[in-house]
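So this one's final38.cif, mmCIF, C-alpha atoms:
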```cif
data_start
loop_
_atom_site.group_PDB
_atom_site.id
_atom_site.type_symbol
_atom_site.label_atom_id
_atom_site.label_comp_id
_atom_site.auth_asym_id
_atom_site.auth_seq_id
_atom_site.Cartn_x
_atom_site.Cartn_y
_atom_site.Cartn_z
ATOM 1 C CA GLN A 1 -27.041 39.631 16.842
ATOM 2 C CA VAL A 2 -29.972 38.215 18.746
ATOM 3 C CA GLY A 3 -29.995 35.177 16.429
ATOM 4 C CA ASP A 4 -26.259 34.644 16.877
ATOM 5 C CA SER A 5 -26.651 34.825 20.656
ATOM 6 C CA LEU A 6 -29.465 32.280 20.616
ATOM 7 C CA SER A 7 -27.450 29.941 18.404
ATOM 8 C CA GLU A 8 -24.446 30.235 20.696
ATOM 9 C CA ALA A 9 -26.589 29.618 23.772
ATOM 10 C CA PHE A 10 -28.247 26.622 22.115
ATOM 11 C CA GLY A 11 -24.840 25.157 21.228
ATOM 12 C CA ARG A 12 -23.628 25.549 24.782
ATOM 13 C CA SER A 13 -26.764 23.907 26.172
ATOM 14 C CA GLU A 14 -26.318 20.959 23.811
ATOM 15 C CA ALA A 15 -22.700 20.536 24.904
ATOM 16 C CA ILE A 16 -23.680 20.712 28.555
ATOM 17 C CA ARG A 17 -26.506 18.208 27.999
ATOM 18 C CA ALA A 18 -24.141 15.807 26.216
ATOM 19 C CA GLN A 19 -21.543 16.133 28.946
ATOM 20 C CA ALA A 20 -24.141 15.593 31.696
ATOM 21 C CA SER A 21 -25.431 12.485 29.978
ATOM 22 C CA GLY A 22 -21.954 10.950 30.121
ATOM 23 C CA ILE A 23 -21.315 11.147 26.374
ATOM 24 C CA GLY A 24 -18.094 13.052 25.923
ATOM 25 C CA VAL A 25 -17.710 15.430 23.002
ATOM 26 C CA THR A 26 -14.603 14.073 21.334
ATOM 27 C CA GLU A 27 -12.293 16.006 19.026
ATOM 28 C CA TRP A 28 -11.015 12.854 17.328
ATOM 29 C CA GLY A 29 -12.427 13.630 13.870
ATOM 30 C CA GLY A 30 -11.949 11.767 10.619
ATOM 31 C CA ALA A 31 -11.237 8.113 9.927
ATOM 32 C CA TRP A 32 -7.892 8.129 11.736
ATOM 33 C CA GLY A 33 -9.444 9.895 14.689
ATOM 34 C CA ARG A 34 -12.169 7.275 14.949
ATOM 35 C CA LEU A 35 -9.558 4.532 14.656
ATOM 36 C CA GLY A 36 -7.525 6.059 17.477
ATOM 37 C CA LEU A 37 -10.623 6.498 19.620
ATOM 38 C CA ALA A 38 -11.693 2.895 19.036
ATOM 39 C CA ALA A 39 -8.208 1.626 19.897
ATOM 40 C CA PHE A 40 -8.096 3.763 23.036
ATOM 41 C CA ALA A 41 -11.510 2.572 24.188
ATOM 42 C CA GLY A 42 -10.758 -1.089 23.404
ATOM 43 C CA VAL A 43 -7.384 -1.154 25.116
ATOM 44 C CA GLY A 44 -8.771 0.725 28.112
ATOM 45 C CA ALA A 45 -11.658 -1.716 28.429
ATOM 46 C CA LEU A 46 -9.281 -4.683 28.224
ATOM 47 C CA LEU A 47 -6.924 -3.278 30.851
ATOM 48 C CA LEU A 48 -9.811 -2.709 33.260
ATOM 49 C CA ALA A 49 -11.262 -6.158 32.595
ATOM 50 C CA LEU A 50 -7.983 -7.997 33.258
ATOM 51 C CA PRO A 51 -8.039 -7.487 37.067
ATOM 52 C CA VAL A 52 -11.696 -8.570 37.177
ATOM 53 C CA ALA A 53 -10.902 -11.805 35.348
ATOM 54 C CA GLY A 54 -7.889 -12.340 37.604
ATOM 55 C CA VAL A 55 -9.962 -11.894 40.761
ATOM 56 C CA HIS A 56 -12.585 -14.294 39.415
ATOM 57 C CA MET A 57 -9.961 -16.982 38.739
ATOM 58 C CA PHE A 58 -8.210 -16.407 42.070
ATOM 59 C CA THR A 59 -11.310 -16.560 44.260
ATOM 60 C CA ARG A 60 -12.917 -19.461 42.385
ATOM 61 C CA ARG A 61 -9.641 -21.293 41.794
ATOM 62 C CA LEU A 62 -10.846 -24.804 40.941
ATOM 63 C CA ARG A 63 -14.414 -23.781 40.224
ATOM 64 C CA TYR A 64 -14.099 -21.072 37.589
ATOM 65 C CA ASP A 65 -15.378 -21.476 34.057
ATOM 66 C CA PRO A 66 -12.664 -20.728 31.437
ATOM 67 C CA SER A 67 -15.285 -19.650 28.899
ATOM 68 C CA LEU A 68 -16.641 -17.091 31.378
ATOM 69 C CA VAL A 69 -13.133 -15.718 31.946
ATOM 70 C CA GLN A 70 -12.731 -15.271 28.201
ATOM 71 C CA ALA A 71 -16.119 -13.536 28.029
ATOM 72 C CA ILE A 72 -15.095 -11.145 30.829
ATOM 73 C CA LEU A 73 -12.031 -10.140 28.785
ATOM 74 C CA VAL A 74 -13.631 -9.908 25.352
ATOM 75 C CA LEU A 75 -17.094 -8.560 26.177
ATOM 76 C CA PRO A 76 -15.972 -5.053 27.284
ATOM 77 C CA ILE A 77 -14.028 -4.574 24.037
ATOM 78 C CA VAL A 78 -17.029 -5.566 21.921
ATOM 79 C CA VAL A 79 -19.435 -3.413 23.912
ATOM 80 C CA ALA A 80 -17.102 -0.413 23.705
ATOM 81 C CA GLY A 81 -16.934 -0.776 19.923
ATOM 82 C CA VAL A 82 -20.702 -1.121 19.623
ATOM 83 C CA VAL A 83 -21.271 1.991 21.737
ATOM 84 C CA LEU A 84 -18.873 3.968 19.559
ATOM 85 C CA VAL A 85 -20.798 2.895 16.460
ATOM 86 C CA VAL A 86 -24.345 3.568 17.664
ATOM 87 C CA LYS A 87 -23.603 6.630 19.825
ATOM 88 C CA ASN A 88 -25.865 9.560 18.957
ATOM 89 C CA SER A 89 -27.612 7.503 16.262
ATOM 90 C CA LEU A 90 -31.104 6.260 17.086
ATOM 91 C CA ALA A 91 -31.382 4.462 13.743
ATOM 92 C CA LEU A 92 -28.201 2.474 14.326
ATOM 93 C CA ALA A 93 -29.337 1.617 17.838
ATOM 94 C CA PHE A 94 -32.590 0.126 16.532
ATOM 95 C CA ALA A 95 -30.688 -1.720 13.796
ATOM 96 C CA LEU A 96 -28.332 -3.207 16.374
ATOM 97 C CA ALA A 97 -31.266 -4.286 18.540
ATOM 98 C CA GLY A 98 -32.734 -6.142 15.570
ATOM 99 C CA ILE A 99 -29.434 -7.880 14.852
ATOM 100 C CA VAL A 100 -28.914 -8.926 18.468
ATOM 101 C CA ALA A 101 -32.478 -10.239 18.638
ATOM 102 C CA GLY A 102 -31.560 -12.745 15.937
ATOM 103 C CA VAL A 103 -28.584 -14.083 17.895
ATOM 104 C CA ARG A 104 -29.269 -16.846 20.415
ATOM 105 C CA PHE A 105 -27.014 -17.117 23.440
ATOM 106 C CA ARG A 106 -27.169 -20.588 24.973
ATOM 107 C CA GLN A 107 -24.331 -20.355 27.491
ATOM 108 C CA LYS A 108 -25.624 -21.288 30.944
ATOM 109 C CA LEU A 109 -23.904 -19.756 33.954
ATOM 110 C CA GLU A 110 -22.912 -22.331 36.569
ATOM 111 C CA GLU A 111 -23.471 -19.985 39.520
ATOM 112 C CA PRO A 112 -25.718 -16.908 39.925
ATOM 113 C CA GLU A 113 -22.730 -14.830 41.036
ATOM 114 C CA ASP A 114 -21.236 -15.189 37.564
ATOM 115 C CA ALA A 115 -23.959 -12.904 36.205
ATOM 116 C CA VAL A 116 -22.440 -10.070 38.269
ATOM 117 C CA TYR A 117 -19.137 -10.469 36.445
ATOM 118 C CA VAL A 118 -20.931 -10.359 33.095
ATOM 119 C CA LEU A 119 -22.810 -7.222 34.164
ATOM 120 C CA LEU A 120 -19.562 -5.583 35.255
ATOM 121 C CA ALA A 121 -17.953 -6.459 31.916
ATOM 122 C CA LEU A 122 -20.880 -4.802 30.145
ATOM 123 C CA GLY A 123 -20.518 -1.725 32.350
ATOM 124 C CA ILE A 124 -16.795 -1.440 31.615
ATOM 125 C CA GLY A 125 -17.481 -1.671 27.900
ATOM 126 C CA LEU A 126 -20.190 0.982 28.063
ATOM 127 C CA ALA A 127 -17.960 3.329 30.060
ATOM 128 C CA ALA A 128 -15.100 2.846 27.613
ATOM 129 C CA GLY A 129 -17.407 3.519 24.681
ATOM 130 C CA VAL A 130 -18.469 6.903 26.075
ATOM 131 C CA GLN A 131 -14.914 7.829 27.159
ATOM 132 C CA ALA A 132 -15.676 7.444 30.864
ATOM 133 C CA LEU A 133 -12.795 5.149 31.774
ATOM 134 C CA ASP A 134 -12.381 6.964 35.078
ATOM 135 C CA VAL A 135 -15.823 5.717 36.143
ATOM 136 C CA ALA A 136 -15.003 2.199 34.926
ATOM 137 C CA LEU A 137 -11.719 2.275 36.849
ATOM 138 C CA ALA A 138 -13.435 3.271 40.089
ATOM 139 C CA VAL A 139 -16.159 0.629 39.725
ATOM 140 C CA SER A 140 -13.696 -2.102 38.752
ATOM 141 C CA LEU A 141 -11.367 -1.277 41.637
ATOM 142 C CA LEU A 142 -14.171 -1.201 44.202
ATOM 143 C CA PHE A 143 -15.664 -4.430 42.845
ATOM 144 C CA ASN A 144 -12.342 -6.275 43.052
ATOM 145 C CA VAL A 145 -11.674 -5.066 46.594
ATOM 146 C CA VAL A 146 -15.134 -6.108 47.821
ATOM 147 C CA VAL A 147 -14.911 -9.541 46.194
ATOM 148 C CA LEU A 148 -11.463 -10.171 47.687
ATOM 149 C CA VAL A 149 -12.626 -9.106 51.154
ATOM 150 C CA LEU A 150 -15.697 -11.347 50.953
ATOM 151 C CA TRP A 151 -13.537 -14.230 49.770
ATOM 152 C CA ARG A 152 -10.811 -13.640 52.383
ATOM 153 C CA TYR A 153 -13.193 -13.624 55.333
ATOM 154 C CA ASP A 154 -15.548 -16.225 53.804
ATOM 155 C CA VAL A 155 -18.668 -14.172 54.526
ATOM 156 C CA ALA A 156 -20.840 -16.701 52.688
ATOM 157 C CA ALA A 157 -19.856 -19.364 55.220
ATOM 158 C CA ILE A 158 -22.198 -17.731 57.761
ATOM 159 C CA SER A 159 -25.127 -19.161 55.832
ATOM 160 C CA GLY A 160 -23.370 -22.488 55.254
ATOM 161 C CA ALA A 161 -22.660 -21.809 51.577
ATOM 162 C CA HIS A 162 -19.485 -22.444 49.568
ATOM 163 C CA LEU A 163 -18.044 -24.809 52.175
ATOM 164 C CA LEU A 164 -17.130 -27.333 49.535
ATOM 165 C CA LEU A 165 -14.220 -27.484 47.151
ATOM 166 C CA ALA A 166 -14.726 -29.745 44.166
ATOM 167 C CA THR A 167 -13.150 -30.577 40.840
ATOM 168 C CA GLY A 168 -13.894 -32.934 37.975
ATOM 169 C CA ASP A 169 -17.405 -34.070 37.054
ATOM 170 C CA THR A 170 -19.614 -31.889 39.275
ATOM 171 C CA SER A 171 -22.618 -34.149 38.678
ATOM 172 C CA LEU A 172 -20.941 -36.698 40.984
ATOM 173 C CA VAL A 173 -20.587 -34.290 43.914
ATOM 174 C CA VAL A 174 -22.457 -35.649 46.959
ATOM 175 C CA ALA A 175 -21.955 -32.879 49.540
ATOM 176 C CA ARG A 176 -23.685 -29.907 47.942
ATOM 177 C CA ARG A 177 -26.237 -29.203 50.692
ATOM 178 C CA SER A 178 -25.776 -28.913 54.449
ATOM 179 C CA GLU A 179 -27.717 -32.132 55.088
ATOM 180 C CA ASP A 180 -25.486 -33.961 52.586
ATOM 181 C CA ARG A 181 -22.365 -32.697 54.328
ATOM 182 C CA ARG A 182 -23.838 -33.745 57.655
ATOM 183 C CA ALA A 183 -24.315 -37.273 56.327
ATOM 184 C CA VAL A 184 -20.690 -37.347 55.166
ATOM 185 C CA TRP A 185 -19.514 -36.238 58.589
ATOM 186 C CA GLU A 186 -21.699 -38.723 60.466
ATOM 187 C CA ARG A 187 -20.061 -41.538 58.526
ATOM 188 C CA ALA A 188 -16.602 -40.090 59.105
ATOM 189 C CA VAL A 189 -16.932 -39.496 62.847
ATOM 190 C CA ARG A 190 -17.390 -43.206 63.477
ATOM 191 C CA GLU A 191 -14.041 -43.922 61.852
ATOM 192 C CA ALA A 192 -12.041 -40.874 63.030
ATOM 193 C CA GLU A 193 -11.432 -41.939 66.623
ATOM 194 C CA GLY A 194 -8.062 -40.713 67.884
ATOM 195 C CA MET A 195 -7.440 -38.636 64.760
ATOM 196 C CA ASP A 196 -7.149 -34.833 64.624
ATOM 197 C CA LEU A 197 -9.318 -34.491 61.536
ATOM 198 C CA ASP A 198 -8.948 -31.495 59.194
ATOM 199 C CA GLY A 199 -11.384 -32.545 56.497
ATOM 200 C CA ILE A 200 -12.831 -35.319 54.373
ATOM 201 C CA LEU A 201 -11.688 -35.973 50.834
ATOM 202 C CA VAL A 202 -14.366 -37.674 48.734
ATOM 203 C CA VAL A 203 -13.104 -39.283 45.540
ATOM 204 C CA HIS A 204 -15.223 -40.779 42.742
ATOM 205 C CA ALA A 205 -13.452 -43.276 40.483
ATOM 206 C CA ALA A 206 -14.181 -46.169 38.159
ATOM 207 C CA ASN A 207 -10.888 -47.961 38.916
ATOM 208 C CA VAL A 208 -10.639 -48.226 42.701
ATOM 209 C CA GLU A 209 -7.093 -49.603 42.867
ATOM 210 C CA ALA A 210 -5.719 -46.950 40.511
ATOM 211 C CA ALA A 211 -7.488 -44.247 42.507
ATOM 212 C CA LYS A 212 -6.020 -45.573 45.775
ATOM 213 C CA ASN A 213 -2.517 -45.520 44.307
ATOM 214 C CA ALA A 214 -3.048 -41.949 43.093
ATOM 215 C CA LEU A 215 -4.293 -40.911 46.536
ATOM 216 C CA GLU A 216 -1.286 -42.445 48.247
ATOM 217 C CA ILE A 217 1.136 -40.627 45.942
ATOM 218 C CA SER A 218 -0.649 -37.263 46.319
ATOM 219 C CA LEU A 219 -1.388 -37.474 50.039
ATOM 220 C CA THR A 220 2.044 -38.626 51.223
ATOM 221 C CA PRO A 221 3.796 -35.226 50.893
ATOM 222 C CA ARG A 222 0.779 -33.181 52.027
ATOM 223 C CA ALA A 223 -1.059 -35.118 54.736
ATOM 224 C CA LYS A 224 0.229 -35.938 58.210
ATOM 225 C CA GLU A 225 -2.265 -38.779 58.482
ATOM 226 C CA TRP A 226 -5.088 -40.185 56.381
ATOM 227 C CA ARG A 227 -7.500 -43.079 56.505
ATOM 228 C CA LEU A 228 -9.380 -44.704 53.664
ATOM 229 C CA LEU A 229 -12.958 -45.669 54.492
ATOM 230 C CA PRO A 230 -14.596 -48.685 52.831
ATOM 231 C CA PRO A 231 -15.556 -47.854 49.217
ATOM 232 C CA VAL A 232 -19.214 -47.278 48.361
ATOM 233 C CA GLU A 233 -20.624 -48.371 45.013
ATOM 234 C CA GLU A 234 -22.425 -45.662 43.042
ATOM 235 C CA PRO A 235 -24.472 -45.774 39.808
ATOM 236 C CA ASN A 236 -22.819 -45.974 36.368
ATOM 237 C CA GLY A 237 -19.924 -48.096 37.622
ATOM 238 C CA ILE A 238 -18.461 -45.303 39.786
ATOM 239 C CA THR A 239 -17.095 -46.015 43.263
ATOM 240 C CA ARG A 240 -16.943 -43.434 46.034
ATOM 241 C CA ILE A 241 -13.946 -43.397 48.375
ATOM 242 C CA ASP A 242 -14.032 -41.267 51.542
ATOM 243 C CA VAL A 243 -10.637 -40.294 52.953
ATOM 244 C CA LEU A 244 -10.171 -38.826 56.439
ATOM 245 C CA VAL A 245 -7.361 -36.289 56.168
ATOM 246 C CA GLN A 246 -5.133 -34.485 58.627
ATOM 247 C CA MET A 247 -3.106 -32.018 56.570
ATOM 248 C CA LYS A 248 0.478 -31.070 57.323
ATOM 249 C CA LYS A 249 1.192 -27.540 58.504
ATOM 250 C CA ASP A 250 0.922 -24.906 55.746
ATOM 251 C CA GLU A 251 -0.523 -27.438 53.280
ATOM 252 C CA ASP A 252 -3.574 -26.344 51.303
ATOM 253 C CA PRO A 253 -6.309 -28.833 50.302
ATOM 254 C CA VAL A 254 -6.827 -26.785 47.136
ATOM 255 C CA GLU A 255 -3.362 -27.798 45.971
ATOM 256 C CA LEU A 256 -4.249 -31.411 46.714
ATOM 257 C CA LEU A 257 -7.382 -31.192 44.582
ATOM 258 C CA THR A 258 -5.412 -29.436 41.852
ATOM 259 C CA GLU A 259 -2.936 -32.302 41.682
ATOM 260 C CA LEU A 260 -5.719 -34.882 41.612
ATOM 261 C CA GLU A 261 -7.326 -33.013 38.715
ATOM 262 C CA GLU A 262 -4.186 -32.329 36.698
ATOM 263 C CA ARG A 263 -2.289 -35.554 37.344
ATOM 264 C CA TRP A 264 -4.874 -38.235 37.997
ATOM 265 C CA SER A 265 -7.982 -37.210 36.048
ATOM 266 C CA ALA A 266 -7.636 -40.377 33.955
ATOM 267 C CA TYR A 267 -8.394 -42.445 37.059
ATOM 268 C CA ILE A 268 -10.394 -40.035 39.254
ATOM 269 C CA ALA A 269 -13.649 -38.730 37.778
ATOM 270 C CA ALA A 270 -14.301 -36.185 40.533
ATOM 271 C CA SER A 271 -12.984 -35.185 43.945
ATOM 272 C CA GLU A 272 -14.409 -32.980 46.674
ATOM 273 C CA TYR A 273 -13.115 -31.731 50.002
ATOM 274 C CA VAL A 274 -15.305 -30.917 52.999
ATOM 275 C CA PRO A 275 -13.307 -28.919 55.591
ATOM 276 C CA HIS A 276 -13.620 -29.446 59.324
ATOM 277 C CA ARG A 277 -15.299 -26.067 59.907
ATOM 278 C CA ALA A 278 -18.345 -27.285 57.972
ATOM 279 C CA ARG A 279 -19.032 -29.770 60.728
ATOM 280 C CA THR A 280 -18.764 -27.106 63.430
ATOM 281 C CA GLU A 281 -21.097 -24.661 61.685
ATOM 282 C CA GLU A 282 -23.692 -27.292 60.842
ATOM 283 C CA THR A 283 -23.671 -28.522 64.447
ATOM 284 C CA GLU A 284 -24.395 -24.978 65.610
ATOM 285 C CA GLU A 285 -27.351 -24.826 63.214
#
```
Just give me the structure as structure tokens.
Amino acid sequence: QVGDSLSEAFGRSEAIRAQASGIGVTEWGGAWGRLGLAAFAGVGALLLALPVAGVHMFTRRLRYDPSLVQAILVLPIVVAGVVLVVKNSLALAFALAGIVAGVRFRQKLEEPEDAVYVLLALGIGLAAGVQALDVALAVSLLFNVVVLVLWRYDVAAISGAHLLLATGDTSLVVARRSEDRRAVWERAVREAEGMDLDGILVVHAANVEAAKNALEISLTPRAKEWRLLPPVEEPNGITRIDVLVQMKKDEDPVELLTELEERWSAYIAASEYVPHRARTEETEE
């Protein structure tokens, strides 16, 4: 009787320890049970990753990396499956570590913030693998809300960051830093007399005339007034065209850049938009 009591107590302590460590004791036994558990974890991970990928695309809009979006969707499913395989098996965990060590990942993230999305995708996959989707749901929901709030109120703009919208070949972008934006504005102010300026559109093109025609077609329905500054020759046969823009009411410069990218990418290598607020904040600095 004493032995039976000790065995029962030991079993209870093991169950409590497993539950406290976040590894649920599942009753899905057998091959079909494992299949159902894997499907449940994979689908749950995908459903929780979808809003994260959507928020990333919405807040980045023209600047998101499609390959990163795909990784955000697929990575949680893979991680959940891996956790289900190696769970409670130290030998399998070491074997997996050896396999992963032989795989080289060469994808470079464009922005440091993208690493947070990858980390969240890993966390969702881990939570799904240990049947803790409630934790993944809470973290995913809170993450999405915080990102949307930061994006809506442009908190990063306090430090002068993310004031630039750009599309196309990012290596041609000339207004990355605050001093670069200041130089763009100093050139624009001399030509903006009598104009209620909203922002400066900087276009990089090899064919100047084709780019000017594209700008006229795209700006006519969206801009109340615009002025083309004299073109500036750049290396590699690229010409830079600065355009002073006063947008019409309720028009979004992001839509303008989207049209330039989707409709005129054959003639325009890159385009960037520096909003008027950048000038105000940099002057205060």
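Nearest-residue note for Trp185 (chain A): choosing from A:Val116, A:Ile200, A:Leu219, A:Ala269, the minimum distance belongs to A:Ile200, counting all atoms listed in the file.
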Which residues, named as in the file, does the PyMOL selection byres ((chain A and resi 52-57) around 10) pick out? Answer as a ChimeraX atom specification.
/A:47-51,58-66,68-73,114,117,120-121,140-141,143-145,147-148,151
On this structure, the PyMOL selection byres ((chain A and resi 235) around 12) would catch which residues? List them as a PDB file with C-alpha atoms, in the coordinates of the input, sorted by chain and number.
```
ATOM      1  CA  SER A 171     -22.618 -34.149  38.678  1.00  0.00           C
ATOM      2  CA  LEU A 172     -20.941 -36.698  40.984  1.00  0.00           C
ATOM      3  CA  HIS A 204     -15.223 -40.779  42.742  1.00  0.00           C
ATOM      4  CA  ALA A 205     -13.452 -43.276  40.483  1.00  0.00           C
ATOM      5  CA  ALA A 206     -14.181 -46.169  38.159  1.00  0.00           C
ATOM      6  CA  VAL A 232     -19.214 -47.278  48.361  1.00  0.00           C
ATOM      7  CA  GLU A 233     -20.624 -48.371  45.013  1.00  0.00           C
ATOM      8  CA  GLU A 234     -22.425 -45.662  43.042  1.00  0.00           C
ATOM      9  CA  ASN A 236     -22.819 -45.974  36.368  1.00  0.00           C
ATOM     10  CA  GLY A 237     -19.924 -48.096  37.622  1.00  0.00           C
ATOM     11  CA  ILE A 238     -18.461 -45.303  39.786  1.00  0.00           C
ATOM     12  CA  THR A 239     -17.095 -46.015  43.263  1.00  0.00           C
ATOM     13  CA  ARG A 240     -16.943 -43.434  46.034  1.00  0.00           C
TER      14      ARG A 240
END
```
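Distances from A:Val173, A:Leu260, A:Ala115, A:Ile124 to Pro76 (chain A) were compared using only C-alpha atoms, and the smallest one belongs to A:Ile124.
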Quick one: 6 Å padding each side, axis-aligned, all listed atoms of region 179-182 of chain A - centre and edge lengths in Å to one decimal, as lines of an AutoDock Vina configuration file?
```
center_x = -25.0
center_y = -33.0
center_z = 55.1
size_x = 17.4
size_y = 13.8
size_z = 17.1
```
Show me, as a count of residues only, the residues that have an atom within 9 Å of Val174 (chain A) when counting all atoms listed in the file, minus same-chain residues fewer than 5 positions from it.
5
Please tell me which residues are no farther than 10 Å from (-12.2, -39.2, 54.4) in the file, counting all atoms listed in the file, and write them as a ChimeraX atom specification.
/A:184-185,187-189,191-192,197-203,226-230,241-246,273-274
Report, in Å with one decimal, the straight-line distance from CA of Glu179 (chain A) to CA of Asp196 (chain A).
22.8 Å
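Distances here use all atoms listed in the file; by that measure, the residue among A:Thr167, A:Ile217, A:Glu186, A:Ala210 closest to Ala270 (chain A) is A:Thr167.
Between Pro275 (chain A) and the residues A:Val74, A:Val118, A:Ala175, A:Ala31, the shortest atom-to-atom distance, using all atoms listed in the file, involves A:Ala175.
When CA of Gly125 (chain A) is paired with CA of Val149 (chain A), their separation reads 24.9 Å.
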Which residues would end up in the selection if the PyMOL selection byres ((chain A and resi 224) around 7) were applied here, given that I need the answer as a ChimeraX atom specification?
/A:222-223,225,246-248
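Minimum distance to Ala211 (chain A) across A:Ile268, A:Val82, A:Ala39, A:Val135 (counting all atoms listed in the file) occurs at A:Ile268.
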